[in-house]
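Beneath this line is the structure, given in structure tokens, with notes to follow.
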Amino acid sequence: MGLPRRQTGDHAAIAAARDLLGPAGVIDAPADMARYLVDWAGDTPGSALAVLRPASVAEVQAAIRLCRIHHLGVVPQGGNTGLVGGGFGALAQAPIILSLERMNRVRAIDPAGYSICADAGCTLQHIKDTAEAADRLFPLALGAQGSCQIGGNAATNAGGINVLRYGMARDLILGLEVVLPDGEVWNGMTGLRKDNRGYDLKQLFIGAEGTLGVITGVELKLFPLPRRTETAYVGLRSFADAMQLFARARGVCSDLLTGFEVIGAECLPSARLINPGLVTPVDEKAPVHVILECASSEAIDLAALVETLLQQSLESGLILDAVMARSGSQARAFWAIREGLVEGQVRRGYHVRTDLSVRLGDIPRLVDSARAFVAANHPAWLPQAYGHAGDGNIHFNVLPPAGLDEDAARKEGRDITDGLYAVVGGFGGSISAEHGVGRSRRDVIWTGLSPVHRLLVAAIKSAFDPEGLMNPGCLLPPNEEFP
Ligand SMILES: Cc1cc2nc3c(=O)[nH]c(=O)nc-3n(C[C@H](O)[C@H](O)[C@H](O)COP(=O)(O)OP(=O)(O)OC[C@H]3O[C@@H](n4cnc5c(N)ncnc54)[C@H](O)[C@@H]3O)c2cc1C
């Protein structure tokens, strides 16, 4: 697959890499490479010839040029929290992993200009903390923020819980610096908020999942740090009611609404695996739970606004119950339920994971149809419906029955995944709302694209990376399989 390989040159390539990057810059002992070759969920092991860890842009250039000479595919890797197998190669490919973890410096912050420049290997949490120390907000927020890197966020166009108000990574990026497959640097760190000089090249690298180049630097938009935050936990009868509440909240709170997460009550046992003492803020039997968050400056009476929304919704019978967090720690406890249910599913082991998006109005029917499909065809499996519903994004996961052998579960899981993809296809939706394509979703997404779309994607790949050096097998088929 991908590049022609010169097995005999592999040892020479690794020795040359040591000369270029120093001993700390190369890992090739299998035990030391192991942590780079398995993802957060632990269910898709990969392999690599070596892990290269450059410490500067010049070292990334040197590493890329070396791999090109030796015809070795390069897989950029950030925090390795992507859930679609994009950050490491499948067994047959044995490529070079290029980890950005040593490039972890914030280069500059400009509070007055509301921007920050950083190496791509900074964790998202490091960026957020640096911004906050300067009284600014970097709003991208997701469960993996302590580990994922800002370069990985750019490469996957990450979403998360604040997309509603601030957009996805794409909307937050002012500029990028990228090492191209020929080793040249494209410097797009202009810091400009308006720039209509033709094609906006940075947009091509955002969401490209490392297939067009290695992102080495990022310039990001910052925002005023909110002075007031109100978080509410709401119990409702159905996803349909939840989406009505969302429409009402948008109207009452306007752009102050930052988060709207929906949790089907069937997910709570998963959250309880992480926190056995979990007591939900509203009656656990409410079929649907919502975490709603608003943020504003000091001048706005945010509590009154959210109280009005909840009061009106209670009086009209739209919601069953609601609790507003009285403190930051209570708000964090609400969010811990959302984070715990994801971790709890992983603790259960293999399960079907999806990342679906549809038009907002279609969410209730999507969830109903997906549940009906599972109940009719795989009645022993347990659906878990939750997600960033305010963005039209639902994670409809399905847990195998306890005790089912893993091989059997994986086999049946493939049928369930296909069935769920057919369900979302019926709504004209996407099977990758925010997690990307990687290797695990490549074939199903690639074959689902129109011929014209495939040709355009292949033309972009060939223009940037004619030899297929970058992340072979991720996002699109290797060069020789292009249409
Ligand atoms: C608990 C949990 C919660 C999550 N929640 C969300 C969520 O709410 N929203 C969401 O969008 N995602 C979520 N994710 C998925 C994941 O965190 C994001 O996709 C994240 O952006 C990946 O960043 P990373 O640094 O870990 O990238 P990696 O996993 O290392 O890599 C992902 C892809 O980007 C490429 N890449 C990485 N760094 C670079 C670089 N510097 N240059 C070029 N290409 C690069 C890799 O080759 C790969 O294709 C979650 C994951 C977990 C484990």
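Note on naming: chains are A, B, ... as they come in the structure tokens, residues start from 1 per chain, ligands start from 1 in the order shown.
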Problem set entry | Within 7 Å of ligand 1, counting only C-alpha atoms and all ligand atoms, residues as a PyMOL selection string | chain A and resi 40+75-83+86-88+100+120-121+142-145+147-161+209-210+213-216+342-343+434-436+438+471+474
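Taking atom CA of Ala380 of chain A and atom CA of Gly413 of chain A as endpoints, the distance between them is 12.1 Å.
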For this session: Enumerate, as a ChimeraX atom specification, the complete set of residues in segment 16-208 of chain A that a backbone-based DSSP assignment places in strand (DSSP E).
Result: /A:26-27,50-52,74-77,96-99,106-110,115-119,136-137,173-179,185-188
For this session: Skip Glu177 of chain A itself and residues of its chain fewer than 6 positions away, then list as a ChimeraX atom specification all residues within 7 Å of it, counting only C-alpha atoms.
Result: /A:186-189,215-218
Let's have the selection written as a CSV table (one decimal), in the first residue's frame, with N, CA and C atoms.
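Listed below is the output, selection_13.csv:
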chain,number,residue,atom,x,y,z
A,186,TRP,N,5.3,26.2,4.7
A,186,TRP,CA,4.4,27.2,4.3
A,186,TRP,C,4.0,28.0,5.5
A,187,ASN,N,4.3,29.3,5.5
A,187,ASN,CA,4.0,30.1,6.7
A,187,ASN,C,2.8,30.9,6.5
A,188,GLY,N,1.7,30.5,7.1
A,188,GLY,CA,0.4,31.2,7.0
A,188,GLY,C,0.0,31.8,8.3
A,189,MET,N,1.1,32.2,9.2
A,189,MET,CA,0.8,32.7,10.5
A,189,MET,C,0.6,34.3,10.3
A,215,ILE,N,1.4,20.1,10.6
A,215,ILE,CA,1.2,21.4,11.2
A,215,ILE,C,2.2,21.6,12.3
A,216,THR,N,3.0,22.7,12.3
A,216,THR,CA,4.0,22.9,13.3
A,216,THR,C,3.6,24.1,14.2
A,217,GLY,N,2.8,25.0,13.7
A,217,GLY,CA,2.5,26.2,14.5
A,217,GLY,C,1.1,26.6,14.2
A,218,VAL,N,0.4,27.3,15.2
A,218,VAL,CA,-1.0,27.6,15.1
A,218,VAL,C,-1.2,29.0,15.7
Exercise. Which residues come within 12 Å of Ile363 of chain A, counting only C-alpha atoms, excluding same-chain residues fewer than 2 positions away, as an MDAnalysis selection string?
Worked result: chainID A and resid 238:244 246 262 356:361 365:370 385:396 423:424 427:429
Selection from above, N, CA and C atoms, as an mmCIF file, in the first residue's frame, can you write it?
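Okay, this is what ended up in result_22.cif:
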data_model
loop_
_atom_site.group_PDB
_atom_site.id
_atom_site.type_symbol
_atom_site.label_atom_id
_atom_site.label_comp_id
_atom_site.auth_asym_id
_atom_site.auth_seq_id
_atom_site.Cartn_x
_atom_site.Cartn_y
_atom_site.Cartn_z
ATOM 1 N N SER A 238 -38.539 13.610 26.424
ATOM 2 C CA SER A 238 -38.134 13.038 25.129
ATOM 3 C C SER A 238 -37.078 13.915 24.444
ATOM 4 N N PHE A 239 -36.436 13.342 23.426
ATOM 5 C CA PHE A 239 -35.498 14.123 22.609
ATOM 6 C C PHE A 239 -36.239 15.251 21.889
ATOM 7 N N ALA A 240 -37.511 14.984 21.507
ATOM 8 C CA ALA A 240 -38.286 16.033 20.819
ATOM 9 C C ALA A 240 -38.451 17.235 21.742
ATOM 10 N N ASP A 241 -38.782 16.979 23.026
ATOM 11 C CA ASP A 241 -38.918 18.090 23.978
ATOM 12 C C ASP A 241 -37.575 18.788 24.181
ATOM 13 N N ALA A 242 -36.499 17.980 24.203
ATOM 14 C CA ALA A 242 -35.162 18.583 24.391
ATOM 15 C C ALA A 242 -34.859 19.563 23.256
ATOM 16 N N MET A 243 -35.225 19.193 22.031
ATOM 17 C CA MET A 243 -34.926 20.085 20.910
ATOM 18 C C MET A 243 -35.841 21.324 20.925
ATOM 19 N N GLN A 244 -37.030 21.159 21.490
ATOM 20 C CA GLN A 244 -37.889 22.353 21.662
ATOM 21 C C GLN A 244 -37.292 23.293 22.705
ATOM 22 N N PHE A 246 -34.186 23.525 23.302
ATOM 23 C CA PHE A 246 -33.034 24.161 22.649
ATOM 24 C C PHE A 246 -33.477 25.390 21.848
ATOM 25 N N VAL A 262 -27.268 16.759 25.337
ATOM 26 C CA VAL A 262 -28.407 15.901 25.633
ATOM 27 C C VAL A 262 -27.905 14.507 26.007
ATOM 28 N N LEU A 356 -22.725 10.967 14.714
ATOM 29 C CA LEU A 356 -23.659 11.278 13.626
ATOM 30 C C LEU A 356 -24.097 12.739 13.673
ATOM 31 N N SER A 357 -24.370 13.300 12.502
ATOM 32 C CA SER A 357 -25.004 14.625 12.516
ATOM 33 C C SER A 357 -26.111 14.682 11.477
ATOM 34 N N VAL A 358 -27.160 15.390 11.878
ATOM 35 C CA VAL A 358 -28.311 15.617 10.989
ATOM 36 C C VAL A 358 -28.766 17.062 11.207
ATOM 37 N N ARG A 359 -29.715 17.496 10.386
ATOM 38 C CA ARG A 359 -30.322 18.809 10.636
ATOM 39 C C ARG A 359 -30.943 18.791 12.030
ATOM 40 N N LEU A 360 -30.936 19.958 12.685
ATOM 41 C CA LEU A 360 -31.426 20.007 14.075
ATOM 42 C C LEU A 360 -32.819 19.389 14.211
ATOM 43 N N GLY A 361 -33.694 19.717 13.279
ATOM 44 C CA GLY A 361 -35.084 19.249 13.368
ATOM 45 C C GLY A 361 -35.204 17.735 13.233
ATOM 46 N N ARG A 365 -36.173 12.243 15.363
ATOM 47 C CA ARG A 365 -36.492 11.093 14.495
ATOM 48 C C ARG A 365 -35.261 10.220 14.277
ATOM 49 N N LEU A 366 -34.092 10.830 14.228
ATOM 50 C CA LEU A 366 -32.863 10.028 14.099
ATOM 51 C C LEU A 366 -32.730 9.076 15.295
ATOM 52 N N VAL A 367 -32.897 9.632 16.505
ATOM 53 C CA VAL A 367 -32.741 8.798 17.710
ATOM 54 C C VAL A 367 -33.818 7.711 17.738
ATOM 55 N N ASP A 368 -35.065 8.078 17.419
ATOM 56 C CA ASP A 368 -36.145 7.077 17.414
ATOM 57 C C ASP A 368 -35.846 5.971 16.403
ATOM 58 N N SER A 369 -35.412 6.355 15.202
ATOM 59 C CA SER A 369 -35.168 5.349 14.151
ATOM 60 C C SER A 369 -34.000 4.448 14.525
ATOM 61 N N ALA A 370 -32.945 5.051 15.089
ATOM 62 C CA ALA A 370 -31.773 4.246 15.458
ATOM 63 C C ALA A 370 -32.137 3.263 16.569
ATOM 64 N N ALA A 385 -27.687 7.006 23.656
ATOM 65 C CA ALA A 385 -27.819 8.190 22.788
ATOM 66 C C ALA A 385 -27.519 9.448 23.592
ATOM 67 N N TYR A 386 -26.541 10.207 23.136
ATOM 68 C CA TYR A 386 -26.168 11.444 23.819
ATOM 69 C C TYR A 386 -25.394 12.297 22.830
ATOM 70 N N GLY A 387 -25.121 13.543 23.191
ATOM 71 C CA GLY A 387 -24.267 14.331 22.296
ATOM 72 C C GLY A 387 -24.531 15.818 22.328
ATOM 73 N N HIS A 388 -23.789 16.491 21.428
ATOM 74 C CA HIS A 388 -23.845 17.950 21.327
ATOM 75 C C HIS A 388 -25.070 18.286 20.469
ATOM 76 N N ALA A 389 -26.260 18.068 21.042
ATOM 77 C CA ALA A 389 -27.472 18.123 20.223
ATOM 78 C C ALA A 389 -27.712 19.513 19.633
ATOM 79 N N GLY A 390 -27.226 20.532 20.311
ATOM 80 C CA GLY A 390 -27.392 21.881 19.782
ATOM 81 C C GLY A 390 -26.662 22.077 18.457
ATOM 82 N N ASP A 391 -25.708 21.210 18.152
ATOM 83 C CA ASP A 391 -25.001 21.263 16.860
ATOM 84 C C ASP A 391 -25.537 20.189 15.909
ATOM 85 N N GLY A 392 -26.608 19.528 16.265
ATOM 86 C CA GLY A 392 -27.130 18.454 15.415
ATOM 87 C C GLY A 392 -26.293 17.187 15.482
ATOM 88 N N ASN A 393 -25.491 17.045 16.538
ATOM 89 C CA ASN A 393 -24.512 15.954 16.641
ATOM 90 C C ASN A 393 -24.909 14.966 17.743
ATOM 91 N N ILE A 394 -25.163 13.726 17.349
ATOM 92 C CA ILE A 394 -25.523 12.682 18.323
ATOM 93 C C ILE A 394 -24.514 11.534 18.237
ATOM 94 N N HIS A 395 -24.015 11.141 19.404
ATOM 95 C CA HIS A 395 -23.238 9.904 19.473
ATOM 96 C C HIS A 395 -24.240 8.800 19.824
ATOM 97 N N PHE A 396 -24.567 7.987 18.836
ATOM 98 C CA PHE A 396 -25.486 6.870 19.103
ATOM 99 C C PHE A 396 -24.618 5.619 19.202
ATOM 100 N N VAL A 423 -29.364 4.321 8.577
ATOM 101 C CA VAL A 423 -30.393 5.161 9.195
ATOM 102 C C VAL A 423 -30.046 6.638 9.009
ATOM 103 N N VAL A 424 -28.798 7.005 9.314
ATOM 104 C CA VAL A 424 -28.436 8.427 9.200
ATOM 105 C C VAL A 424 -28.432 8.863 7.736
ATOM 106 N N PHE A 427 -31.564 10.290 6.490
ATOM 107 C CA PHE A 427 -31.841 11.688 6.843
ATOM 108 C C PHE A 427 -30.907 12.654 6.109
ATOM 109 N N GLY A 428 -30.086 12.118 5.198
ATOM 110 C CA GLY A 428 -29.118 12.987 4.509
ATOM 111 C C GLY A 428 -28.063 13.522 5.467
ATOM 112 N N GLY A 429 -27.752 12.741 6.515
ATOM 113 C CA GLY A 429 -26.808 13.221 7.537
ATOM 114 C C GLY A 429 -25.382 12.776 7.277
#
For this session: Would you mind listing what lies within 9 Å of segment 346-354 of chain A as number ranges by chain, with only C-alpha atoms counted and same-chain residues fewer than 2 positions away left out?
Result: A: 40-43, 270, 273-274, 341-344, 356, 394-400, 402, 406, 409-410, 413-414, 416-417, 420-421, 431-432
For this session: Extract, using only C-alpha atoms, all DNA, RNA and protein residues at most 8 Å from Leu476 of chain A, discarding same-chain residues fewer than 5 positions from it, and format them as a PyMOL selection string.
Result: chain A and resi 442-443+446+458
Taking N, CA and C atoms for each residue, export the selection above as a PDB file, in the first residue's frame.
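Output file again.pdb is given in full below:
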ATOM      1  N   ARG A 442     -12.598   5.248   6.736  1.00  0.00           N
ATOM      2  CA  ARG A 442     -12.191   5.697   5.408  1.00  0.00           C
ATOM      3  C   ARG A 442     -13.030   5.088   4.293  1.00  0.00           C
ATOM      4  N   ASP A 443     -13.125   3.770   4.288  1.00  0.00           N
ATOM      5  CA  ASP A 443     -13.752   3.117   3.127  1.00  0.00           C
ATOM      6  C   ASP A 443     -15.223   3.473   3.002  1.00  0.00           C
ATOM      7  N   TRP A 446     -15.387   7.150   1.890  1.00  0.00           N
ATOM      8  CA  TRP A 446     -14.866   7.354   0.527  1.00  0.00           C
ATOM      9  C   TRP A 446     -15.856   6.829  -0.518  1.00  0.00           C
ATOM     10  N   ALA A 458      -8.984  13.839  -4.535  1.00  0.00           N
ATOM     11  CA  ALA A 458      -7.753  13.215  -5.045  1.00  0.00           C
ATOM     12  C   ALA A 458      -6.841  14.254  -5.706  1.00  0.00           C
TER      13      ALA A 458
END
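With distances restricted to only C-alpha atoms, A:Pro224 is the closest residue to Tyr166 of chain A from A:Gly113, A:Gly207, A:Pro224, A:Gly426.
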Which segment 235-295 of chain A residues have any atom within 7 Å of an atom of segment 300-320 of chain A, and for each, what is the nearest pair of atoms with distance in Å to one decimal, counting only C-alpha atoms, rows sorted by chain and number, as CSV?
residue,atom,partner,partner_atom,distance
A:Gly235,CA,A:Leu320,CA,5.4
A:Leu236,CA,A:Ile319,CA,4.8
A:Asp241,CA,A:Leu318,CA,6.3
A:Ala249,CA,A:Leu309,CA,6.6
A:Val252,CA,A:Leu309,CA,6.6
A:Cys253,CA,A:Leu305,CA,6.8
Would you output that residue set with C-alpha atoms, as an mmCIF file, in the first residue's frame?
data_model
loop_
_atom_site.group_PDB
_atom_site.id
_atom_site.type_symbol
_atom_site.label_atom_id
_atom_site.label_comp_id
_atom_site.auth_asym_id
_atom_site.auth_seq_id
_atom_site.Cartn_x
_atom_site.Cartn_y
_atom_site.Cartn_z
ATOM 1 C CA GLY A 235 -35.019 16.520 33.038
ATOM 2 C CA LEU A 236 -37.378 16.022 30.064
ATOM 3 C CA ASP A 241 -38.918 18.090 23.978
ATOM 4 C CA ALA A 249 -33.096 28.648 24.861
ATOM 5 C CA VAL A 252 -34.202 33.645 25.210
ATOM 6 C CA CYS A 253 -30.437 33.484 25.694
#
Problem set entry | Distance query Ala463 of chain A at most 12 Å, only C-alpha atoms, self and fewer than 5 positions along chain excluded, as JSON, numbers by chain | {"A": [180, 181, 182, 204, 211, 212, 213, 456, 457, 458, 468, 479]}
How would the residues just picked look written out with N, CA and C atoms as a JSON list (two decimals), in the first residue's frame?
[["chain", "number", "residue", "atom", "x", "y", "z"],
["A", 180, "LEU", "N", 5.56, 21.02, 4.55],
["A", 180, "LEU", "CA", 4.94, 20.32, 3.42],
["A", 180, "LEU", "C", 5.67, 19.00, 3.13],
["A", 181, "PRO", "N", 5.08, 18.13, 2.32],
["A", 181, "PRO", "CA", 5.69, 16.82, 2.06],
["A", 181, "PRO", "C", 7.07, 16.90, 1.40],
["A", 182, "ASP", "N", 7.42, 18.03, 0.78],
["A", 182, "ASP", "CA", 8.78, 18.15, 0.22],
["A", 182, "ASP", "C", 9.75, 18.79, 1.21],
["A", 204, "LEU", "N", -7.40, 24.23, 3.90],
["A", 204, "LEU", "CA", -7.17, 22.89, 3.35],
["A", 204, "LEU", "C", -6.48, 21.98, 4.37],
["A", 211, "THR", "N", -2.82, 14.53, 6.11],
["A", 211, "THR", "CA", -2.58, 13.95, 4.79],
["A", 211, "THR", "C", -1.94, 14.93, 3.81],
["A", 212, "LEU", "N", -1.83, 16.22, 4.20],
["A", 212, "LEU", "CA", -1.27, 17.21, 3.28],
["A", 212, "LEU", "C", 0.03, 17.83, 3.81],
["A", 213, "GLY", "N", 0.34, 17.65, 5.08],
["A", 213, "GLY", "CA", 1.54, 18.24, 5.65],
["A", 213, "GLY", "C", 1.49, 18.14, 7.16],
["A", 456, "LEU", "N", -12.13, 15.61, -6.86],
["A", 456, "LEU", "CA", -11.61, 16.87, -6.30],
["A", 456, "LEU", "C", -10.67, 16.59, -5.11],
["A", 457, "VAL", "N", -11.09, 15.67, -4.24],
["A", 457, "VAL", "CA", -10.26, 15.34, -3.08],
["A", 457, "VAL", "C", -8.92, 14.75, -3.56],
["A", 458, "ALA", "N", -8.98, 13.84, -4.53],
["A", 458, "ALA", "CA", -7.75, 13.21, -5.04],
["A", 458, "ALA", "C", -6.84, 14.25, -5.71],
["A", 468, "GLY", "N", 2.44, 10.59, -2.13],
["A", 468, "GLY", "CA", 1.66, 9.87, -1.11],
["A", 468, "GLY", "C", 2.44, 9.62, 0.16],
["A", 479, "ASN", "N", -2.39, 6.53, -3.05],
["A", 479, "ASN", "CA", -2.40, 7.13, -4.39],
["A", 479, "ASN", "C", -2.80, 6.20, -5.52]]
Alpha helix (DSSP H) call set, DSSP backbone run, segment 448-481 of chain A, as a PDB file with C-alpha atoms, in the first residue's frame:
ATOM      1  CA  GLY A 448     -20.205   7.215  -0.169  1.00  0.00           C
ATOM      2  CA  PRO A 451     -17.454  10.649  -8.176  1.00  0.00           C
ATOM      3  CA  VAL A 452     -16.969  14.407  -8.622  1.00  0.00           C
ATOM      4  CA  HIS A 453     -16.230  14.841  -4.914  1.00  0.00           C
ATOM      5  CA  ARG A 454     -13.699  11.969  -4.992  1.00  0.00           C
ATOM      6  CA  LEU A 455     -11.903  13.473  -7.997  1.00  0.00           C
ATOM      7  CA  LEU A 456     -11.609  16.868  -6.297  1.00  0.00           C
ATOM      8  CA  VAL A 457     -10.256  15.337  -3.079  1.00  0.00           C
ATOM      9  CA  ALA A 458      -7.753  13.215  -5.045  1.00  0.00           C
ATOM     10  CA  ALA A 459      -6.634  16.265  -7.038  1.00  0.00           C
ATOM     11  CA  ILE A 460      -5.960  18.235  -3.845  1.00  0.00           C
ATOM     12  CA  LYS A 461      -3.995  15.322  -2.369  1.00  0.00           C
ATOM     13  CA  SER A 462      -1.910  14.939  -5.555  1.00  0.00           C
ATOM     14  CA  ALA A 463      -1.199  18.667  -5.737  1.00  0.00           C
ATOM     15  CA  PHE A 464       0.222  18.759  -2.197  1.00  0.00           C
TER      16      PHE A 464
END
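The space separating atom CA of Trp381 of chain A from atom CA of Gly419 of chain A comes to 13.5 Å.
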For this session: Go through A:Leu140, A:Met324, A:Leu292, A:Ala17 and flag the residue nearest Ile127 of chain A, using only C-alpha atoms for the distances.
Result: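 Closest residue, counting only C-alpha atoms: A:Leu140.
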Can you check which parts of segment 220-256 of chain A lie within 9 Å of segment 128-137 of chain A? Per residue, the shortest pair of atoms and distance in Å to one decimal, counting only C-alpha atoms, sorted by chain and number, as CSV.
residue,atom,partner,partner_atom,distance
A:Lys221,CA,A:Leu137,CA,9.0
A:Leu222,CA,A:Leu137,CA,5.6
A:Phe223,CA,A:Leu137,CA,4.9
A:Pro224,CA,A:Arg136,CA,5.1
A:Leu225,CA,A:Arg136,CA,4.7
A:Pro226,CA,A:Leu137,CA,7.7
Output file for the residues above (C-alpha atoms, as a PDB file, in the first residue's frame):
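Just written: part-v2.pdb:
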ATOM      1  CA  LYS A 221      -8.443  33.651  18.198  1.00  0.00           C
ATOM      2  CA  LEU A 222      -9.036  34.490  21.846  1.00  0.00           C
ATOM      3  CA  PHE A 223     -12.210  35.845  23.427  1.00  0.00           C
ATOM      4  CA  PRO A 224     -13.150  37.798  26.548  1.00  0.00           C
ATOM      5  CA  LEU A 225     -13.112  35.548  29.602  1.00  0.00           C
ATOM      6  CA  PRO A 226     -16.754  35.211  30.729  1.00  0.00           C
TER       7      PRO A 226
END
Exercise. When distances are computed from only C-alpha atoms, which of A:Asp283, A:Asp195, A:Asp39, A:Glu101 shows the smallest separation from Leu52 of chain A?
Worked result: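 That would be A:Glu101, the residue with the smallest distance to Leu52 of chain A.
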